[in-house]
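Shown next: run_9.json, given as JSON, C-alpha atoms.
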[["chain", "number", "residue", "atom", "x", "y", "z"],
["A", 33, "MET", "CA", -18.68, 74.21, 19.08],
["A", 34, "ILE", "CA", -19.98, 72.70, 22.30],
["A", 35, "GLU", "CA", -21.45, 69.83, 20.29],
["A", 36, "LYS", "CA", -18.05, 69.09, 18.79],
["A", 37, "VAL", "CA", -16.47, 69.10, 22.24],
["A", 38, "HIS", "CA", -19.22, 66.74, 23.45],
["A", 39, "ALA", "CA", -18.60, 64.39, 20.51],
["A", 40, "HIS", "CA", -14.87, 64.50, 21.22],
["A", 41, "ILE", "CA", -15.39, 63.60, 24.90],
["A", 42, "ILE", "CA", -17.71, 60.73, 23.96],
["A", 43, "SER", "CA", -15.15, 59.49, 21.42],
["A", 44, "GLU", "CA", -12.38, 59.68, 24.03],
["A", 45, "LEU", "CA", -14.56, 57.76, 26.48],
["A", 46, "SER", "CA", -15.18, 54.93, 24.01],
["A", 47, "THR", "CA", -11.44, 54.76, 23.14],
["A", 48, "ASN", "CA", -10.71, 54.65, 26.86],
["A", 49, "THR", "CA", -13.17, 51.77, 27.36],
["A", 50, "ARG", "CA", -11.66, 49.83, 24.46],
["A", 51, "THR", "CA", -8.09, 50.30, 25.76],
["A", 52, "ASP", "CA", -9.06, 49.20, 29.28],
["A", 53, "THR", "CA", -10.83, 46.10, 27.91],
["A", 54, "ILE", "CA", -7.66, 45.19, 26.00],
["A", 55, "PHE", "CA", -5.54, 45.61, 29.14],
["A", 56, "VAL", "CA", -7.83, 43.42, 31.25],
["A", 57, "LEU", "CA", -8.33, 40.68, 28.64],
["A", 58, "THR", "CA", -4.64, 40.54, 27.68],
["A", 59, "ALA", "CA", -3.55, 40.24, 31.32],
["A", 60, "ILE", "CA", -6.12, 37.55, 32.20],
["A", 61, "ILE", "CA", -5.54, 35.47, 29.05],
["A", 62, "LEU", "CA", -1.76, 35.67, 29.44],
["A", 63, "ASN", "CA", -2.08, 34.69, 33.12],
["A", 64, "LEU", "CA", -4.17, 31.64, 32.26],
["A", 65, "ILE", "CA", -1.90, 30.55, 29.39],
["A", 66, "THR", "CA", 1.18, 30.93, 31.60],
["A", 67, "LEU", "CA", -0.56, 29.01, 34.37],
["A", 68, "GLY", "CA", -1.02, 26.10, 31.95],
["A", 69, "ILE", "CA", 2.54, 26.23, 30.59],
["A", 70, "ASN", "CA", 4.19, 26.56, 34.01],
["A", 71, "SER", "CA", 1.99, 23.83, 35.52],
["A", 72, "GLY", "CA", 3.05, 21.51, 32.69],
["A", 73, "LEU", "CA", 6.70, 22.37, 33.26],
["A", 74, "ALA", "CA", 6.37, 21.94, 37.02],
["A", 75, "SER", "CA", 4.76, 18.51, 36.79],
["A", 76, "SER", "CA", 7.39, 17.14, 34.41],
["A", 77, "GLU", "CA", 10.87, 15.95, 35.37],
["A", 78, "GLY", "CA", 12.54, 19.11, 36.71],
["A", 79, "ASP", "CA", 15.86, 20.28, 35.33],
["A", 80, "THR", "CA", 17.66, 23.63, 35.25],
["A", 81, "THR", "CA", 16.40, 24.63, 31.79],
["A", 82, "GLN", "CA", 12.78, 24.11, 32.79],
["A", 83, "THR", "CA", 13.31, 26.10, 36.00],
["A", 84, "ILE", "CA", 14.78, 29.00, 33.97],
["A", 85, "VAL", "CA", 11.83, 28.86, 31.53],
["A", 86, "MET", "CA", 9.42, 28.85, 34.48],
["A", 87, "PHE", "CA", 11.03, 31.89, 36.06],
["A", 88, "THR", "CA", 11.07, 33.70, 32.69],
["A", 89, "PHE", "CA", 7.30, 33.21, 32.44],
["A", 90, "VAL", "CA", 6.90, 34.37, 36.05],
["A", 91, "ALA", "CA", 8.82, 37.57, 35.14],
["A", 92, "LEU", "CA", 6.52, 38.02, 32.12],
["A", 93, "ILE", "CA", 3.42, 37.63, 34.33],
["A", 94, "ILE", "CA", 4.74, 40.23, 36.77],
["A", 95, "VAL", "CA", 5.58, 42.77, 34.03],
["A", 96, "VAL", "CA", 2.29, 42.33, 32.15],
["A", 97, "ASN", "CA", 0.22, 42.53, 35.35],
["A", 98, "PHE", "CA", 1.95, 45.71, 36.47],
["A", 99, "VAL", "CA", 1.51, 47.25, 33.03],
["A", 100, "ALA", "CA", -2.19, 46.30, 33.14],
["A", 101, "GLU", "CA", -2.58, 47.74, 36.63],
["A", 102, "ILE", "CA", -0.94, 51.06, 35.74],
["A", 103, "GLY", "CA", -2.94, 51.17, 32.50],
["A", 104, "LEU", "CA", -6.19, 50.61, 34.41],
["A", 105, "ILE", "CA", -5.34, 53.25, 37.03],
["A", 106, "ARG", "CA", -4.58, 55.75, 34.27],
["A", 107, "GLY", "CA", -7.75, 54.70, 32.44],
["A", 108, "ARG", "CA", -9.80, 55.29, 35.56],
["A", 109, "GLN", "CA", -8.29, 58.74, 36.07],
["A", 110, "MET", "CA", -8.82, 59.62, 32.43],
["A", 111, "ARG", "CA", -12.44, 58.50, 32.54],
["A", 112, "LYS", "CA", -13.02, 60.54, 35.70],
["A", 113, "LYS", "CA", -11.58, 63.68, 34.04],
["A", 114, "LEU", "CA", -13.66, 63.16, 30.90],
["A", 115, "LEU", "CA", -16.85, 62.55, 32.89],
["A", 116, "ASP", "CA", -16.15, 65.58, 35.10],
["A", 117, "GLY", "CA", -15.90, 67.68, 31.93],
["A", 118, "LEU", "CA", -19.07, 66.14, 30.57],
["A", 119, "LEU", "CA", -20.92, 66.82, 33.82],
["A", 120, "LYS", "CA", -19.75, 70.43, 33.83],
["A", 121, "MET", "CA", -20.95, 70.76, 30.27],
["A", 122, "TYR", "CA", -24.36, 69.30, 31.19],
["A", 123, "LYS", "CA", -24.52, 71.69, 34.16],
["A", 124, "ASP", "CA", -23.77, 74.69, 31.92],
["A", 125, "GLN", "CA", -26.49, 73.54, 29.54],
["A", 126, "GLY", "CA", -28.92, 73.01, 32.42],
["A", 127, "VAL", "CA", -29.37, 69.29, 31.74],
["A", 128, "GLU", "CA", -27.27, 67.93, 34.66],
["A", 129, "GLY", "CA", -30.35, 66.33, 36.16],
["A", 130, "TYR", "CA", -30.24, 63.60, 33.51],
["A", 131, "TYR", "CA", -26.82, 62.34, 34.55],
["A", 132, "ASP", "CA", -26.39, 60.87, 38.03],
["A", 133, "PRO", "CA", -22.93, 61.87, 39.46],
["A", 134, "SER", "CA", -22.88, 58.67, 41.57],
["A", 135, "LEU", "CA", -22.01, 56.85, 38.30],
["A", 136, "LEU", "CA", -18.45, 58.13, 38.77],
["A", 137, "GLY", "CA", -18.18, 56.14, 41.99],
["A", 138, "ASP", "CA", -19.54, 53.02, 40.25],
["A", 139, "TYR", "CA", -16.90, 53.36, 37.54],
["A", 140, "ALA", "CA", -14.16, 53.63, 40.18],
["A", 141, "LEU", "CA", -15.44, 50.48, 41.89],
["A", 142, "ARG", "CA", -15.58, 48.63, 38.56],
["A", 143, "TYR", "CA", -11.97, 49.56, 37.78],
["A", 144, "ASN", "CA", -10.86, 48.33, 41.21],
["A", 145, "LEU", "CA", -12.65, 45.03, 40.60],
["A", 146, "PHE", "CA", -10.91, 44.65, 37.22],
["A", 147, "MET", "CA", -7.57, 45.24, 38.93],
["A", 148, "LEU", "CA", -8.40, 42.65, 41.61],
["A", 149, "THR", "CA", -9.29, 40.11, 38.91],
["A", 150, "VAL", "CA", -6.00, 40.73, 37.10],
["A", 151, "LEU", "CA", -4.06, 40.59, 40.39],
["A", 152, "PHE", "CA", -5.58, 37.32, 41.58],
["A", 153, "THR", "CA", -5.31, 35.48, 38.26],
["A", 154, "GLY", "CA", -1.67, 36.64, 38.23],
["A", 155, "LEU", "CA", -1.09, 35.38, 41.76],
["A", 156, "ILE", "CA", -2.66, 32.01, 40.93],
["A", 157, "ALA", "CA", -0.58, 31.76, 37.75],
["A", 158, "ILE", "CA", 2.56, 32.31, 39.83],
["A", 159, "ILE", "CA", 1.84, 30.17, 42.91],
["A", 160, "ILE", "CA", 0.04, 27.09, 41.51],
["A", 161, "PRO", "CA", 3.01, 25.80, 39.43],
["A", 162, "PHE", "CA", 5.28, 26.09, 42.49],
["A", 163, "ILE", "CA", 2.76, 24.07, 44.54],
["A", 164, "ILE", "CA", 2.72, 21.37, 41.85],
["A", 165, "ARG", "CA", 6.52, 21.26, 41.68],
["B", 72, "MET", "CA", 10.29, -60.80, 9.26],
["B", 73, "LYS", "CA", 11.65, -57.67, 7.73],
["B", 74, "TYR", "CA", 8.72, -55.70, 9.13],
["B", 75, "VAL", "CA", 9.13, -57.23, 12.60],
["B", 76, "LYS", "CA", 12.81, -56.11, 12.70],
["B", 77, "PHE", "CA", 11.79, -52.63, 11.59],
["B", 78, "ILE", "CA", 9.09, -52.40, 14.28],
["B", 79, "ILE", "CA", 11.52, -53.60, 16.99],
["B", 80, "CYS", "CA", 14.15, -51.06, 15.88],
["B", 81, "PHE", "CA", 11.58, -48.27, 15.81],
["B", 82, "PHE", "CA", 10.30, -49.26, 19.27],
["B", 83, "MET", "CA", 13.84, -49.28, 20.73],
["B", 84, "LEU", "CA", 14.69, -45.92, 19.20],
["B", 85, "THR", "CA", 11.47, -44.44, 20.57],
["B", 86, "VAL", "CA", 12.23, -45.78, 24.07],
["B", 87, "ILE", "CA", 15.78, -44.31, 23.95],
["B", 88, "ALA", "CA", 14.49, -40.92, 22.74],
["B", 89, "LEU", "CA", 11.83, -40.78, 25.44],
["B", 90, "SER", "CA", 14.26, -41.77, 28.17],
["B", 91, "CYS", "CA", 16.58, -38.94, 27.07],
["B", 92, "LEU", "CA", 13.73, -36.44, 27.27],
["B", 93, "VAL", "CA", 12.44, -37.60, 30.65],
["B", 94, "SER", "CA", 15.70, -38.07, 32.53],
["B", 95, "PRO", "CA", 16.55, -34.34, 33.28],
["B", 96, "ALA", "CA", 13.13, -33.77, 34.84],
["B", 97, "VAL", "CA", 13.48, -36.86, 36.95],
["B", 98, "LEU", "CA", 16.87, -35.63, 38.13],
["B", 99, "VAL", "CA", 15.41, -32.22, 39.18],
["B", 100, "ALA", "CA", 12.60, -33.88, 41.04],
["B", 101, "GLN", "CA", 15.07, -35.96, 42.90],
["B", 102, "GLU", "CA", 17.19, -32.85, 43.82],
["B", 103, "GLY", "CA", 14.19, -30.72, 44.92],
["B", 104, "LYS", "CA", 12.93, -27.35, 43.76],
["B", 105, "GLN", "CA", 14.19, -23.98, 45.05],
["B", 106, "ASP", "CA", 11.44, -21.40, 44.81],
["B", 107, "LEU", "CA", 11.56, -18.44, 47.15],
["B", 108, "SER", "CA", 9.05, -15.64, 46.70],
["B", 109, "LEU", "CA", 8.89, -12.09, 48.06],
["B", 110, "ARG", "CA", 5.61, -10.24, 47.97],
["B", 111, "LEU", "CA", 4.61, -6.72, 48.98],
["B", 112, "LEU", "CA", 1.00, -5.76, 49.46],
["B", 113, "TYR", "CA", -0.59, -4.44, 46.26],
["B", 114, "ASP", "CA", -1.44, -1.15, 48.03],
["B", 115, "TYR", "CA", 2.23, -0.35, 48.50],
["B", 116, "TYR", "CA", 2.78, 0.36, 44.83],
["B", 117, "TYR", "CA", 2.91, 4.14, 44.40],
["B", 118, "LYS", "CA", 2.30, 4.57, 48.14],
["B", 119, "GLU", "CA", 2.85, 8.07, 49.51],
["B", 120, "VAL", "CA", 5.66, 8.34, 52.05],
["B", 121, "THR", "CA", 6.55, 11.25, 54.30],
["B", 122, "ARG", "CA", 9.96, 12.93, 54.30],
["B", 123, "GLY", "CA", 12.08, 12.35, 57.41],
["B", 124, "LYS", "CA", 9.53, 10.02, 59.05],
["B", 125, "ASP", "CA", 9.20, 6.27, 59.55],
["B", 126, "ASN", "CA", 7.01, 4.70, 56.88],
["B", 127, "ALA", "CA", 6.04, 1.08, 57.56],
["B", 128, "LEU", "CA", 5.72, -1.56, 54.85],
["B", 129, "PHE", "CA", 5.08, -5.27, 55.23],
["B", 130, "MET", "CA", 6.52, -7.95, 53.02],
["B", 131, "GLU", "CA", 5.88, -11.69, 52.94],
["B", 132, "ILE", "CA", 8.54, -14.22, 52.10],
["B", 133, "ARG", "CA", 7.30, -17.66, 51.12],
["B", 134, "ASN", "CA", 9.13, -20.83, 50.25],
["B", 135, "TYR", "CA", 7.24, -22.46, 47.37],
["B", 136, "GLY", "CA", 10.03, -24.97, 46.82],
["B", 137, "THR", "CA", 10.32, -28.50, 48.06],
["B", 138, "ASN", "CA", 13.48, -27.92, 50.08],
["B", 139, "GLU", "CA", 14.30, -25.84, 53.11],
["B", 140, "VAL", "CA", 16.04, -22.49, 52.39],
["B", 141, "ASN", "CA", 18.77, -21.42, 54.80],
["B", 142, "ASN", "CA", 20.39, -18.21, 55.97],
["B", 143, "ILE", "CA", 18.12, -15.64, 54.27],
["B", 144, "ARG", "CA", 19.48, -12.07, 54.42],
["B", 145, "PHE", "CA", 17.44, -9.02, 53.42],
["B", 146, "ILE", "CA", 19.04, -6.17, 51.52],
["B", 147, "SER", "CA", 17.68, -3.25, 49.51],
["B", 148, "ASN", "CA", 18.55, -1.09, 46.53],
["B", 149, "LYS", "CA", 17.41, 2.37, 47.53],
["B", 150, "PRO", "CA", 17.86, 5.98, 46.39],
["B", 151, "THR", "CA", 20.73, 7.96, 47.95],
["B", 152, "GLY", "CA", 20.01, 9.18, 51.46],
["B", 153, "TRP", "CA", 17.10, 6.82, 52.07],
["B", 154, "LEU", "CA", 17.06, 4.52, 55.09],
["B", 155, "VAL", "CA", 15.58, 1.02, 54.82],
["B", 156, "GLU", "CA", 15.51, -1.35, 57.80],
["B", 157, "PHE", "CA", 14.15, -4.90, 57.89],
["B", 158, "ASN", "CA", 12.75, -6.60, 60.96],
["B", 159, "PRO", "CA", 13.94, -9.33, 61.28],
["B", 160, "GLU", "CA", 17.12, -8.53, 59.38],
["B", 161, "SER", "CA", 17.59, -12.18, 58.44],
["B", 162, "LEU", "CA", 16.02, -15.62, 58.80],
["B", 163, "ASP", "CA", 18.02, -18.71, 59.74],
["B", 164, "ARG", "CA", 15.79, -20.97, 57.67],
["B", 165, "LEU", "CA", 12.45, -21.23, 55.97],
["B", 166, "VAL", "CA", 11.00, -24.69, 55.59],
["B", 167, "ALA", "CA", 9.25, -25.76, 52.39],
["B", 168, "GLY", "CA", 5.73, -24.37, 52.06],
["B", 169, "SER", "CA", 6.06, -21.92, 54.94],
["B", 170, "SER", "CA", 6.05, -18.13, 54.96],
["B", 171, "HIS", "CA", 7.20, -15.27, 57.17],
["B", 172, "THR", "CA", 6.22, -11.60, 57.43],
["B", 173, "ILE", "CA", 8.96, -8.98, 57.35],
["B", 174, "ASP", "CA", 8.43, -5.43, 58.63],
["B", 175, "ILE", "CA", 10.19, -2.78, 56.57],
["B", 176, "LYS", "CA", 10.88, 0.71, 57.86],
["B", 177, "VAL", "CA", 11.47, 3.24, 55.08],
["B", 178, "VAL", "CA", 12.70, 6.75, 55.93],
["B", 179, "PRO", "CA", 13.12, 9.20, 53.02],
["B", 180, "PRO", "CA", 15.54, 12.07, 53.73],
["B", 181, "SER", "CA", 13.90, 15.28, 54.95],
["B", 182, "HIS", "CA", 15.24, 17.17, 51.90],
["B", 183, "ALA", "CA", 13.93, 14.61, 49.39],
["B", 184, "ASP", "CA", 12.43, 16.19, 46.27],
["B", 185, "LYS", "CA", 8.82, 15.55, 45.41],
["B", 186, "GLY", "CA", 8.59, 12.61, 42.98],
["B", 187, "GLU", "CA", 8.59, 8.85, 42.49],
["B", 188, "TYR", "CA", 11.36, 6.64, 43.83],
["B", 189, "ASN", "CA", 12.05, 3.02, 43.01],
["B", 190, "LEU", "CA", 13.08, 0.63, 45.79],
["B", 191, "THR", "CA", 14.10, -2.99, 45.36],
["B", 192, "PHE", "CA", 14.01, -5.48, 48.23],
["B", 193, "ILE", "CA", 16.20, -8.55, 47.89],
["B", 194, "ALA", "CA", 16.18, -11.81, 49.85],
["B", 195, "GLU", "CA", 19.47, -13.65, 49.50],
["B", 196, "ALA", "CA", 19.74, -17.19, 50.79],
["B", 197, "ASP", "CA", 22.54, -19.74, 50.57],
["B", 198, "GLU", "CA", 20.62, -21.70, 47.95],
["B", 199, "THR", "CA", 18.73, -19.05, 46.01],
["B", 200, "ARG", "CA", 17.94, -15.37, 45.65],
["B", 201, "THR", "CA", 14.77, -13.41, 44.92],
["B", 202, "ALA", "CA", 13.70, -9.78, 44.72],
["B", 203, "THR", "CA", 10.69, -7.53, 44.48],
["B", 204, "SER", "CA", 10.40, -3.84, 43.83],
["B", 205, "THR", "CA", 7.99, -1.02, 44.46],
["B", 206, "MET", "CA", 7.64, 2.63, 43.59],
["B", 207, "LEU", "CA", 7.12, 5.05, 46.46],
["B", 208, "ARG", "CA", 5.94, 8.61, 46.11],
["B", 209, "VAL", "CA", 7.20, 11.57, 48.09],
["B", 210, "ASP", "CA", 4.39, 14.06, 48.10],
["B", 211, "GLY", "CA", 2.70, 16.61, 50.31],
["B", 212, "GLY", "CA", 4.55, 18.38, 53.02],
["B", 213, "VAL", "CA", 6.11, 21.76, 52.44],
["B", 214, "SER", "CA", 8.75, 21.88, 49.72],
["B", 215, "THR", "CA", 11.20, 24.70, 49.08],
["B", 216, "TRP", "CA", 9.51, 25.52, 45.76],
["B", 217, "LEU", "CA", 6.24, 26.26, 47.55],
["B", 218, "TRP", "CA", 7.99, 28.92, 49.64],
["B", 219, "VAL", "CA", 9.61, 30.33, 46.47],
["B", 220, "GLY", "CA", 6.15, 30.61, 44.86],
["B", 221, "VAL", "CA", 4.60, 32.17, 47.96],
["B", 222, "GLY", "CA", 7.53, 34.61, 48.20],
["B", 223, "VAL", "CA", 7.15, 35.74, 44.59],
["B", 224, "GLY", "CA", 3.36, 36.02, 45.10],
["B", 225, "VAL", "CA", 3.78, 38.16, 48.23],
["B", 226, "LEU", "CA", 6.29, 40.42, 46.42],
["B", 227, "MET", "CA", 3.85, 40.86, 43.54],
["B", 228, "LEU", "CA", 0.98, 41.64, 45.94],
["B", 229, "ALA", "CA", 3.13, 44.20, 47.77],
["B", 230, "GLY", "CA", 4.16, 45.74, 44.44],
["B", 231, "PHE", "CA", 0.51, 45.96, 43.37],
["B", 232, "ILE", "CA", -0.45, 47.74, 46.58],
["B", 233, "ILE", "CA", 2.49, 50.18, 46.27],
["B", 234, "VAL", "CA", 1.65, 50.93, 42.61],
["B", 235, "PHE", "CA", -2.05, 51.34, 43.50],
["B", 236, "LEU", "CA", -1.28, 53.79, 46.31],
["B", 237, "ARG", "CA", 1.45, 55.63, 44.35],
["B", 238, "PHE", "CA", -0.39, 56.10, 41.03],
["B", 239, "GLY", "CA", -3.97, 55.94, 42.32],
["B", 240, "LYS", "CA", -3.64, 59.19, 44.28],
["B", 241, "GLN", "CA", -2.60, 61.28, 41.29]]

How would this structure read if it were set down as structure tokens?
Amino acid sequence: MIEKVHAHIISELSTNTRTDTIFVLTAIILNLITLGINSGLASSEGDTTQTIVMFTFVALIIVVNFVAEIGLIRGRQMRKKLLDGLLKMYKDQGVEGYYDPSLLGDYALRYNLFMLTVLFTGLIAIIIPFIIR
Amino acid sequence: MKYVKFIICFFMLTVIALSCLVSPAVLVAQEGKQDLSLRLLYDYYYKEVTRGKDNALFMEIRNYGTNEVNNIRFISNKPTGWLVEFNPESLDRLVAGSSHTIDIKVVPPSHADKGEYNLTFIAEADETRTATSTMLRVDGGVSTWLWVGVGVGVLMLAGFIIVFLRFGKQ
């Protein structure tokens, strides 16, 4: 039974990694695409329609970035819970020496860096078009 | 004899035709040529100007004609809200072959949008009229849109921090 639980935790961890990768990539790619579109709009002759389109894209950036941030926070918490369970399992089996608990801290740092990357590409995608305008 | 008459007739017709062609030019030469030219420095095209501040341009007016040009007034076609001043504002006369430098002070309004603006400078004399134009660029400085962008950015940053603290603790 314990082997099945172990396989389940490992499967959950890989699903978690895949989901987090999708969140990060989607947010960064959308930020960069919106940066291009809004910069193009800002450098052209400005009228009300273009301003509305620009602000719509800004709203999209904000929503997607917040969704990505919440998703990454939840992903980090989920990974921590799964790894805690895995560590407990290793401890019960007497093999905890093979898994360094400091890896949990590294994962937390990595998640924070992903969030910073998403945040700053989002900020650039918002501010640069307004500088050009 | 027949050929001689033909040659004489042909010669006379040729002389009449040539005299008709030449006479207008001779008349113009006798009246004199009016040719007034305005010239801005090449660097002034697409020159950056600052909102609400004096921006100096220099323009040369030259009389390429053969006659003196009198009572030259300087006027401008400018975008709304822009101030253009000439120094001197007018010239009493400009003799043939001579030139004069005109200082131009251009002041865009402090609320001018970022972009390109077309200005035309006109010299209007009693005898003739000439014009030149340039495109000036309002750039740099702090525009309202920059503050809008920074404001939205700051709000997003604050939201990120709040979400991080709120959901990160759970």

Can you sort out the box for range 229-233 of chain B, edges along x, y and z, all listed atoms in, 6 Å on every side, with centre and edge lengths in Å to one decimal, as AutoDock Vina command-line options?
--center_x 1.9 --center_y 47.2 --center_z 45.6 --size_x 16.6 --size_y 18.0 --size_z 16.4

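Across the structure, CA of Asp138 in chain A and CA of Gly107 in chain A are spaced 14.2 Å apart.
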
Practice task
With a distance threshold of 12 Å and counting all atoms listed in the file, extract the residues of chain A near chain B and express them as an MDAnalysis selection string.
Solution key: chainID A and resid 70 74:78 83 86:87 90:91 93:110 112:113 140 143:144 147:148 150:165

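Within 8 Å of Ala183 in chain B, once all atoms listed in the file are used and residues closer than 4 positions along the same chain are dropped, the contacting residues are Arg122, Pro179 and Val209 of chain B.
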
Exercise for the section: Considering all atoms listed in the file, return as a ChimeraX atom specification whatever protein or nucleic-acid residues lie within 12 Å of Glu44 in chain A, sequence-local ones (same chain, fewer than 3 positions apart) excluded. Expected result: /A:37-41,47-51,107,110-115,117-118

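Across the structure, CA of Glu198 in chain B and CA of Thr137 in chain B are spaced 12.3 Å apart.
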
Exercise for the section: Give me, please, the distance in Å between CA of Lys123 in chain A and CA of Ile34 in chain A, quoted to one decimal. Expected result: 12.7 Å

Problem - Distance query Pro150 in chain B at most 8 Å, only C-alpha atoms, self and fewer than 6 positions along chain excluded, as a VMD selection string - result: chain B and resid 188 to 190

Please write a file for range 56-98 of chain A, taken from the block I just shared, that holds C-alpha atoms and is laid out as a compact mmCIF listing (two decimals), in the first residue's frame.
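This went into out_25.txt:
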# COMPACT_ATOMS: atom_id res chain seq x y z
CA VAL A 56 4.66 30.83 -15.54
CA LEU A 57 5.01 30.40 -19.31
CA THR A 58 1.47 31.63 -20.06
CA ALA A 59 1.94 34.74 -17.93
CA ILE A 60 5.37 35.62 -19.39
CA ILE A 61 4.36 34.98 -23.02
CA LEU A 62 1.13 36.96 -22.62
CA ASN A 63 3.06 39.81 -20.97
CA LEU A 64 5.55 39.96 -23.85
CA ILE A 65 2.85 39.76 -26.55
CA THR A 66 0.84 42.50 -24.83
CA LEU A 67 3.98 44.60 -24.49
CA GLY A 68 4.42 44.42 -28.27
CA ILE A 69 0.77 45.16 -29.07
CA ASN A 70 0.46 48.04 -26.60
CA SER A 71 3.80 49.54 -27.69
CA GLY A 72 2.58 49.48 -31.29
CA LEU A 73 -0.68 51.14 -30.28
CA ALA A 74 1.12 53.73 -28.17
CA SER A 75 3.53 54.75 -30.92
CA SER A 76 0.78 55.21 -33.51
CA GLU A 77 -1.55 58.20 -33.80
CA GLY A 78 -3.51 58.10 -30.54
CA ASP A 79 -7.29 58.13 -30.55
CA THR A 80 -9.95 57.04 -28.06
CA THR A 81 -10.43 53.56 -29.55
CA GLN A 82 -6.73 52.77 -29.28
CA THR A 83 -6.65 54.03 -25.69
CA ILE A 84 -9.59 51.75 -24.81
CA VAL A 85 -7.86 48.77 -26.48
CA MET A 86 -4.66 49.58 -24.57
CA PHE A 87 -6.46 49.68 -21.23
CA THR A 88 -8.29 46.43 -22.05
CA PHE A 89 -4.93 44.72 -22.58
CA VAL A 90 -3.63 46.28 -19.34
CA ALA A 91 -6.65 44.78 -17.52
CA LEU A 92 -5.88 41.40 -19.13
CA ILE A 93 -2.24 41.60 -17.97
CA ILE A 94 -3.32 42.39 -14.41
CA VAL A 95 -5.86 39.53 -14.27
CA VAL A 96 -3.53 36.93 -15.81
CA ASN A 97 -0.61 37.96 -13.58
CA PHE A 98 -2.72 37.73 -10.43
